[in-house]
Every structure is written in C-alpha cells, then in structure tokens.
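The file final.cif contains mmCIF, N, CA and C atoms:
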data_start
#
loop_
_atom_site.group_PDB
_atom_site.id
_atom_site.type_symbol
_atom_site.label_atom_id
_atom_site.label_comp_id
_atom_site.auth_asym_id
_atom_site.auth_seq_id
_atom_site.Cartn_x
_atom_site.Cartn_y
_atom_site.Cartn_z
ATOM 1 N N MET B 1 28.417 91.601 -77.773
ATOM 2 C CA MET B 1 27.241 90.806 -77.518
ATOM 3 C C MET B 1 27.619 89.380 -77.114
ATOM 4 N N ILE B 2 28.619 88.810 -77.765
ATOM 5 C CA ILE B 2 29.059 87.456 -77.442
ATOM 6 C C ILE B 2 29.656 87.434 -76.040
ATOM 7 N N LEU B 3 30.426 88.444 -75.714
ATOM 8 C CA LEU B 3 31.037 88.527 -74.389
ATOM 9 C C LEU B 3 29.958 88.642 -73.308
ATOM 10 N N THR B 4 28.928 89.391 -73.550
ATOM 11 C CA THR B 4 27.834 89.534 -72.587
ATOM 12 C C THR B 4 27.107 88.204 -72.397
ATOM 13 N N SER B 5 26.885 87.487 -73.460
ATOM 14 C CA SER B 5 26.230 86.183 -73.364
ATOM 15 C C SER B 5 27.102 85.193 -72.619
ATOM 16 N N LEU B 6 28.405 85.231 -72.886
ATOM 17 C CA LEU B 6 29.335 84.339 -72.191
ATOM 18 C C LEU B 6 29.362 84.638 -70.699
ATOM 19 N N LEU B 7 29.407 85.889 -70.334
ATOM 20 C CA LEU B 7 29.411 86.260 -68.909
ATOM 21 C C LEU B 7 28.084 85.894 -68.239
ATOM 22 N N ALA B 8 26.976 86.063 -68.932
ATOM 23 C CA ALA B 8 25.680 85.674 -68.368
ATOM 24 C C ALA B 8 25.618 84.157 -68.165
ATOM 25 N N GLY B 9 26.159 83.399 -69.116
ATOM 26 C CA GLY B 9 26.198 81.937 -68.978
ATOM 27 C C GLY B 9 27.044 81.510 -67.789
ATOM 28 N N LEU B 10 28.214 82.147 -67.650
ATOM 29 C CA LEU B 10 29.064 81.832 -66.499
ATOM 30 C C LEU B 10 28.373 82.203 -65.181
ATOM 31 N N GLY B 11 27.640 83.318 -65.179
ATOM 32 C CA GLY B 11 26.905 83.717 -63.986
ATOM 33 C C GLY B 11 25.822 82.711 -63.632
ATOM 34 N N ILE B 12 25.144 82.193 -64.640
ATOM 35 C CA ILE B 12 24.113 81.186 -64.396
ATOM 36 C C ILE B 12 24.726 79.912 -63.854
ATOM 37 N N VAL B 13 25.882 79.507 -64.398
ATOM 38 C CA VAL B 13 26.559 78.305 -63.903
ATOM 39 C C VAL B 13 26.987 78.508 -62.456
ATOM 40 N N GLN B 14 27.563 79.677 -62.159
ATOM 41 C CA GLN B 14 28.004 79.948 -60.786
ATOM 42 C C GLN B 14 26.819 79.993 -59.830
ATOM 43 N N LEU B 15 25.733 80.628 -60.219
ATOM 44 C CA LEU B 15 24.544 80.694 -59.378
ATOM 45 C C LEU B 15 23.977 79.298 -59.124
ATOM 46 N N SER B 16 23.952 78.461 -60.158
ATOM 47 C CA SER B 16 23.462 77.086 -59.990
ATOM 48 C C SER B 16 24.339 76.324 -59.008
ATOM 49 N N PHE B 17 25.659 76.465 -59.148
ATOM 50 C CA PHE B 17 26.570 75.786 -58.229
ATOM 51 C C PHE B 17 26.340 76.249 -56.795
ATOM 52 N N GLN B 18 26.191 77.558 -56.592
ATOM 53 C CA GLN B 18 25.989 78.087 -55.248
ATOM 54 C C GLN B 18 24.671 77.590 -54.642
ATOM 55 N N LEU B 19 23.625 77.531 -55.433
ATOM 56 C CA LEU B 19 22.336 77.034 -54.932
ATOM 57 C C LEU B 19 22.413 75.564 -54.553
ATOM 58 N N ILE B 20 23.056 74.756 -55.386
ATOM 59 C CA ILE B 20 23.200 73.327 -55.083
ATOM 60 C C ILE B 20 24.068 73.134 -53.845
ATOM 61 N N ASN B 21 25.159 73.902 -53.750
ATOM 62 C CA ASN B 21 26.048 73.798 -52.593
ATOM 63 C C ASN B 21 25.326 74.217 -51.311
ATOM 64 N N THR B 22 24.532 75.263 -51.375
ATOM 65 C CA THR B 22 23.769 75.716 -50.208
ATOM 66 C C THR B 22 22.753 74.655 -49.783
ATOM 67 N N GLY B 23 22.073 74.040 -50.722
ATOM 68 C CA GLY B 23 21.123 72.972 -50.399
ATOM 69 C C GLY B 23 21.809 71.778 -49.755
ATOM 70 N N TYR B 24 22.969 71.390 -50.292
ATOM 71 C CA TYR B 24 23.721 70.260 -49.731
ATOM 72 C C TYR B 24 24.171 70.575 -48.310
ATOM 73 N N ARG B 25 24.710 71.773 -48.097
ATOM 74 C CA ARG B 25 25.166 72.137 -46.751
ATOM 75 C C ARG B 25 23.996 72.192 -45.774
ATOM 76 N N SER B 26 22.862 72.671 -46.207
ATOM 77 C CA SER B 26 21.687 72.739 -45.347
ATOM 78 C C SER B 26 21.249 71.335 -44.918
ATOM 79 N N VAL B 27 21.205 70.418 -45.865
ATOM 80 C CA VAL B 27 20.801 69.045 -45.545
ATOM 81 C C VAL B 27 21.815 68.380 -44.626
ATOM 82 N N SER B 28 23.102 68.524 -44.937
ATOM 83 C CA SER B 28 24.125 67.869 -44.113
ATOM 84 C C SER B 28 24.184 68.488 -42.714
ATOM 85 N N TRP B 29 24.033 69.790 -42.598
ATOM 86 C CA TRP B 29 24.056 70.428 -41.274
ATOM 87 C C TRP B 29 22.833 70.042 -40.458
ATOM 88 N N THR B 30 21.699 69.897 -41.111
ATOM 89 C CA THR B 30 20.496 69.461 -40.395
ATOM 90 C C THR B 30 20.690 68.056 -39.844
ATOM 91 N N ARG B 31 21.272 67.168 -40.650
ATOM 92 C CA ARG B 31 21.537 65.798 -40.200
ATOM 93 C C ARG B 31 22.544 65.783 -39.041
ATOM 94 N N GLN B 32 23.602 66.569 -39.174
ATOM 95 C CA GLN B 32 24.602 66.617 -38.109
ATOM 96 C C GLN B 32 24.034 67.212 -36.828
ATOM 97 N N THR B 33 23.159 68.198 -36.958
ATOM 98 C CA THR B 33 22.518 68.786 -35.781
ATOM 99 C C THR B 33 21.639 67.766 -35.080
ATOM 100 N N ALA B 34 20.891 66.980 -35.855
ATOM 101 C CA ALA B 34 20.051 65.942 -35.254
ATOM 102 C C ALA B 34 20.896 64.888 -34.548
ATOM 103 N N GLU B 35 22.022 64.494 -35.155
ATOM 104 C CA GLU B 35 22.915 63.524 -34.512
ATOM 105 C C GLU B 35 23.500 64.086 -33.224
ATOM 106 N N ALA B 36 23.896 65.354 -33.249
ATOM 107 C CA ALA B 36 24.463 65.977 -32.049
ATOM 108 C C ALA B 36 23.420 66.074 -30.938
ATOM 109 N N GLN B 37 22.186 66.420 -31.295
ATOM 110 C CA GLN B 37 21.135 66.507 -30.287
ATOM 111 C C GLN B 37 20.804 65.143 -29.701
ATOM 112 N N ALA B 38 20.836 64.097 -30.525
ATOM 113 C CA ALA B 38 20.614 62.744 -30.004
ATOM 114 C C ALA B 38 21.748 62.353 -29.063
ATOM 115 N N ASN B 39 22.969 62.712 -29.422
ATOM 116 C CA ASN B 39 24.114 62.429 -28.560
ATOM 117 C C ASN B 39 23.996 63.185 -27.236
ATOM 118 N N ILE B 40 23.545 64.419 -27.288
ATOM 119 C CA ILE B 40 23.362 65.217 -26.069
ATOM 120 C C ILE B 40 22.289 64.597 -25.181
ATOM 121 N N ARG B 41 21.181 64.139 -25.791
ATOM 122 C CA ARG B 41 20.128 63.490 -24.990
ATOM 123 C C ARG B 41 20.662 62.228 -24.312
ATOM 124 N N GLY B 42 21.481 61.461 -25.028
ATOM 125 C CA GLY B 42 22.071 60.266 -24.423
ATOM 126 C C GLY B 42 22.990 60.610 -23.268
ATOM 127 N N LEU B 43 23.786 61.644 -23.431
ATOM 128 C CA LEU B 43 24.688 62.066 -22.355
ATOM 129 C C LEU B 43 23.911 62.607 -21.157
ATOM 130 N N GLU B 44 22.834 63.351 -21.418
ATOM 131 C CA GLU B 44 22.016 63.841 -20.311
ATOM 132 C C GLU B 44 21.367 62.686 -19.562
ATOM 133 N N ARG B 45 20.953 61.651 -20.291
ATOM 134 C CA ARG B 45 20.378 60.470 -19.657
ATOM 135 C C ARG B 45 21.441 59.761 -18.804
ATOM 136 N N ASP B 46 22.677 59.682 -19.318
ATOM 137 C CA ASP B 46 23.756 59.075 -18.547
ATOM 138 C C ASP B 46 24.046 59.861 -17.271
ATOM 139 N N VAL B 47 24.030 61.186 -17.384
ATOM 140 C CA VAL B 47 24.260 62.027 -16.199
ATOM 141 C C VAL B 47 23.156 61.793 -15.170
ATOM 142 N N GLN B 48 21.910 61.691 -15.637
ATOM 143 C CA GLN B 48 20.795 61.457 -14.711
ATOM 144 C C GLN B 48 20.931 60.107 -14.020
ATOM 145 N N VAL B 49 21.346 59.068 -14.762
ATOM 146 C CA VAL B 49 21.528 57.740 -14.170
ATOM 147 C C VAL B 49 22.624 57.788 -13.109
ATOM 148 N N LEU B 50 23.720 58.469 -13.415
ATOM 149 C CA LEU B 50 24.812 58.577 -12.443
ATOM 150 C C LEU B 50 24.389 59.377 -11.211
ATOM 151 N N GLN B 51 23.627 60.433 -11.413
ATOM 152 C CA GLN B 51 23.156 61.219 -10.266
ATOM 153 C C GLN B 51 22.206 60.401 -9.405
ATOM 154 N N ASP B 52 21.328 59.629 -10.027
ATOM 155 C CA ASP B 52 20.430 58.769 -9.264
ATOM 156 C C ASP B 52 21.206 57.703 -8.501
ATOM 157 N N ALA B 53 22.218 57.116 -9.154
ATOM 158 C CA ALA B 53 23.028 56.099 -8.483
ATOM 159 C C ALA B 53 23.787 56.713 -7.305
ATOM 160 N N GLU B 54 24.287 57.928 -7.482
ATOM 161 C CA GLU B 54 25.006 58.587 -6.391
ATOM 162 C C GLU B 54 24.062 58.927 -5.244
ATOM 163 N N THR B 55 22.858 59.373 -5.580
ATOM 164 C CA THR B 55 21.880 59.717 -4.550
ATOM 165 C C THR B 55 21.461 58.486 -3.758
ATOM 166 N N ASN B 56 21.251 57.367 -4.461
ATOM 167 C CA ASN B 56 20.754 56.151 -3.805
ATOM 168 C C ASN B 56 21.853 55.229 -3.291
ATOM 169 N N ALA B 57 23.088 55.629 -3.431
ATOM 170 C CA ALA B 57 24.197 54.725 -3.102
ATOM 171 C C ALA B 57 24.175 54.267 -1.651
ATOM 172 N N ASN B 58 23.741 55.068 -0.738
ATOM 173 C CA ASN B 58 23.808 54.711 0.678
ATOM 174 C C ASN B 58 22.447 54.601 1.350
ATOM 175 N N THR B 59 21.376 54.596 0.589
ATOM 176 C CA THR B 59 20.064 54.445 1.210
ATOM 177 C C THR B 59 19.813 52.965 1.498
ATOM 178 N N PRO B 60 19.206 52.646 2.621
ATOM 179 C CA PRO B 60 18.990 51.246 2.981
ATOM 180 C C PRO B 60 18.116 50.487 1.973
ATOM 181 N N GLY B 61 17.111 51.125 1.436
ATOM 182 C CA GLY B 61 16.240 50.452 0.472
ATOM 183 C C GLY B 61 16.976 50.066 -0.791
ATOM 184 N N TYR B 62 17.815 50.949 -1.285
ATOM 185 C CA TYR B 62 18.583 50.669 -2.499
ATOM 186 C C TYR B 62 19.599 49.557 -2.251
ATOM 187 N N LEU B 63 20.266 49.622 -1.110
ATOM 188 C CA LEU B 63 21.248 48.574 -0.784
ATOM 189 C C LEU B 63 20.557 47.223 -0.595
ATOM 190 N N ARG B 64 19.363 47.214 -0.018
ATOM 191 C CA ARG B 64 18.601 45.979 0.147
ATOM 192 C C ARG B 64 18.215 45.398 -1.220
ATOM 193 N N GLU B 65 17.803 46.278 -2.123
ATOM 194 C CA GLU B 65 17.445 45.833 -3.476
ATOM 195 C C GLU B 65 18.651 45.241 -4.201
ATOM 196 N N LEU B 66 19.806 45.880 -4.073
ATOM 197 C CA LEU B 66 21.021 45.336 -4.691
ATOM 198 C C LEU B 66 21.380 43.979 -4.098
ATOM 199 N N ALA B 67 21.219 43.832 -2.777
ATOM 200 C CA ALA B 67 21.532 42.557 -2.134
ATOM 201 C C ALA B 67 20.577 41.473 -2.618
ATOM 202 N N ARG B 68 19.311 41.794 -2.778
ATOM 203 C CA ARG B 68 18.342 40.813 -3.289
ATOM 204 C C ARG B 68 18.692 40.399 -4.720
ATOM 205 N N CYS B 69 19.138 41.332 -5.526
ATOM 206 C CA CYS B 69 19.525 41.007 -6.904
ATOM 207 C C CYS B 69 20.711 40.049 -6.939
ATOM 208 N N GLN B 70 21.554 40.110 -5.937
ATOM 209 C CA GLN B 70 22.710 39.217 -5.887
ATOM 210 C C GLN B 70 22.381 37.897 -5.198
ATOM 211 N N GLY B 71 21.154 37.738 -4.717
ATOM 212 C CA GLY B 71 20.740 36.471 -4.147
ATOM 213 C C GLY B 71 20.711 36.417 -2.637
ATOM 214 N N PHE B 72 20.991 37.500 -1.951
ATOM 215 C CA PHE B 72 20.956 37.510 -0.492
ATOM 216 C C PHE B 72 19.507 37.591 -0.011
ATOM 217 N N VAL B 73 19.254 37.033 1.172
ATOM 218 C CA VAL B 73 17.934 37.083 1.786
ATOM 219 C C VAL B 73 18.065 37.621 3.201
ATOM 220 N N GLY B 74 16.941 38.079 3.757
ATOM 221 C CA GLY B 74 16.950 38.599 5.116
ATOM 222 C C GLY B 74 17.103 37.489 6.144
ATOM 223 N N ALA B 75 17.446 37.865 7.370
ATOM 224 C CA ALA B 75 17.676 36.882 8.430
ATOM 225 C C ALA B 75 16.395 36.151 8.812
ATOM 226 N N ASP B 76 15.248 36.788 8.701
ATOM 227 C CA ASP B 76 13.992 36.160 9.101
ATOM 228 C C ASP B 76 13.200 35.618 7.910
ATOM 229 N N GLU B 77 13.838 35.420 6.773
ATOM 230 C CA GLU B 77 13.160 34.926 5.578
ATOM 231 C C GLU B 77 13.575 33.490 5.266
ATOM 232 N N ARG B 78 12.676 32.763 4.594
ATOM 233 C CA ARG B 78 12.989 31.402 4.163
ATOM 234 C C ARG B 78 13.329 31.424 2.678
ATOM 235 N N ILE B 79 14.204 30.523 2.273
ATOM 236 C CA ILE B 79 14.592 30.417 0.873
ATOM 237 C C ILE B 79 13.794 29.297 0.232
ATOM 238 N N VAL B 80 13.076 29.619 -0.827
ATOM 239 C CA VAL B 80 12.320 28.637 -1.582
ATOM 240 C C VAL B 80 12.839 28.705 -3.021
ATOM 241 N N VAL B 81 13.382 27.586 -3.511
ATOM 242 C CA VAL B 81 13.968 27.575 -4.849
ATOM 243 C C VAL B 81 13.200 26.596 -5.713
ATOM 244 N N SER B 82 12.835 27.034 -6.880
ATOM 245 C CA SER B 82 12.148 26.180 -7.837
ATOM 246 C C SER B 82 13.174 25.291 -8.540
ATOM 247 N N PRO B 83 12.825 24.036 -8.848
ATOM 248 C CA PRO B 83 13.790 23.175 -9.536
ATOM 249 C C PRO B 83 14.111 23.663 -10.946
ATOM 250 N N ASP B 84 13.219 24.407 -11.572
ATOM 251 C CA ASP B 84 13.513 24.901 -12.916
ATOM 252 C C ASP B 84 13.737 26.415 -12.910
ATOM 253 N N ALA B 85 14.360 26.927 -11.868
ATOM 254 C CA ALA B 85 14.680 28.345 -11.763
ATOM 255 C C ALA B 85 15.854 28.673 -12.685
ATOM 256 N N PRO B 86 15.895 29.884 -13.237
ATOM 257 C CA PRO B 86 17.025 30.262 -14.103
ATOM 258 C C PRO B 86 18.308 30.414 -13.297
ATOM 259 N N GLU B 87 19.431 30.294 -13.983
ATOM 260 C CA GLU B 87 20.737 30.410 -13.322
ATOM 261 C C GLU B 87 21.002 31.848 -12.861
ATOM 262 N N SER B 88 20.613 32.813 -13.673
ATOM 263 C CA SER B 88 20.867 34.210 -13.314
ATOM 264 C C SER B 88 19.579 34.832 -12.772
ATOM 265 N N PRO B 89 19.701 35.745 -11.834
ATOM 266 C CA PRO B 89 18.516 36.368 -11.244
ATOM 267 C C PRO B 89 17.972 37.512 -12.090
ATOM 268 N N GLY B 90 18.140 37.464 -13.396
ATOM 269 C CA GLY B 90 17.748 38.564 -14.262
ATOM 270 C C GLY B 90 16.266 38.831 -14.286
ATOM 271 N N GLU B 91 15.444 37.851 -13.950
ATOM 272 C CA GLU B 91 14.002 38.069 -13.993
ATOM 273 C C GLU B 91 13.536 38.965 -12.855
ATOM 274 N N ASN B 92 14.227 38.952 -11.741
ATOM 275 C CA ASN B 92 13.802 39.731 -10.579
ATOM 276 C C ASN B 92 14.416 41.117 -10.553
ATOM 277 N N CYS B 93 15.527 41.295 -11.223
ATOM 278 C CA CYS B 93 16.266 42.548 -11.108
ATOM 279 C C CYS B 93 16.340 43.265 -12.440
ATOM 280 N N LYS B 94 16.203 44.565 -12.377
ATOM 281 C CA LYS B 94 16.345 45.394 -13.571
ATOM 282 C C LYS B 94 17.821 45.765 -13.692
ATOM 283 N N ALA B 95 18.428 45.378 -14.791
ATOM 284 C CA ALA B 95 19.836 45.699 -15.002
ATOM 285 C C ALA B 95 19.962 47.188 -15.282
ATOM 286 N N LEU B 96 20.820 47.844 -14.552
ATOM 287 C CA LEU B 96 21.034 49.263 -14.700
ATOM 288 C C LEU B 96 22.418 49.482 -15.267
ATOM 289 N N ARG B 97 22.470 50.011 -16.475
ATOM 290 C CA ARG B 97 23.742 50.245 -17.134
ATOM 291 C C ARG B 97 24.293 51.581 -16.665
ATOM 292 N N LEU B 98 25.446 51.531 -16.047
ATOM 293 C CA LEU B 98 26.101 52.780 -15.651
ATOM 294 C C LEU B 98 27.069 53.185 -16.757
ATOM 295 N N PRO B 99 27.037 54.436 -17.147
ATOM 296 C CA PRO B 99 27.913 54.880 -18.230
ATOM 297 C C PRO B 99 29.365 54.863 -17.838
#
Transcribe the structure of this file into structure tokens.
Amino acid sequence: MILTSLLAGLGIVQLSFQLINTGYRSVSWTRQTAEAQANIRGLERDVQVLQDAETNANTPGYLRELARCQGFVGADERIVVSPDAPESPGENCKALRLP
C-alpha cells in the first residue's frame, strides 16, 4: 500500500511537471512565432521597396523627383528661396530607406 501511494505521488509530480513544461513551451513558441512573422513582414516590405526602386530606377518621373529632392530645377524654371528656408530639403522629399 505504501509503495502504491509513493508511485501515485511520483506520477502526480511527473504529470504536474509535464503540464507546466507544456504550458511554458506553448507560450514561448507562440511568442517566437509572432516575432518570426513580424520579421517576415519586415523582410517582405523591404523586398517590395527594392522592387519598386528597381522598377522606377529609369523612369523619367522618378529621376525628376530625385533631382528635385537634391535641389535641381528645370531649365525653364525660376529659383525662389525663402530667407528662413531649412538647410536640408527634407520637407519636400519623402526619405526612402533602402534595406
């Protein structure tokens, strides 16, 4: 009878350990899966940015926009500069981070 009680107690301890371990692994794997999916979304966004940059690399409109961001103007345009204009042209141009 004592041996049966001892074995039942050990079984309960082992079952408790397995349940706690399973819960911990479930929580940690869920967190890691969410982190991996966020990383994948970031990489997919980077791929899309690179594909868009490659597609627009030689189009005249895109090249004109890049030239305007660097301060170039067309041959038939006049330059008007405000005395309190910022040093960098960041207000007119959207900075595009390439991965």
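Pairwise distance (atom N of Ala53 in chain B, CA of Glu65 in chain B) equals 13.5 Å.
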message: Can you pull out every residue from chain B that DSSP, working from the backbone, puts in alpha helix (DSSP H), and format the result as a ChimeraX atom specification?
response: /B:2-56,60-69
Could you work out an axis-aligned bounding box for all listed atoms of range 28-31 of chain B, with 8 Å added on each of the six sides, and give its centre and edge lengths in Å to one decimal, as JSON?
{"center_x": 22.3, "center_y": 68.1, "center_z": -42.0, "size_x": 19.7, "size_y": 20.6, "size_z": 21.9}
message: What's the separation between atom N of Val80 in chain B and atom C of Asn58 in chain B, in Å to one decimal place?
response: 26.8 Å
field: CA of Glu44 in chain B to CA of Leu63 in chain B, distance in Å rounded to a single decimal
entry: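 We find that CA of Glu44 in chain B and CA of Leu63 in chain B lie 24.8 Å from each other.
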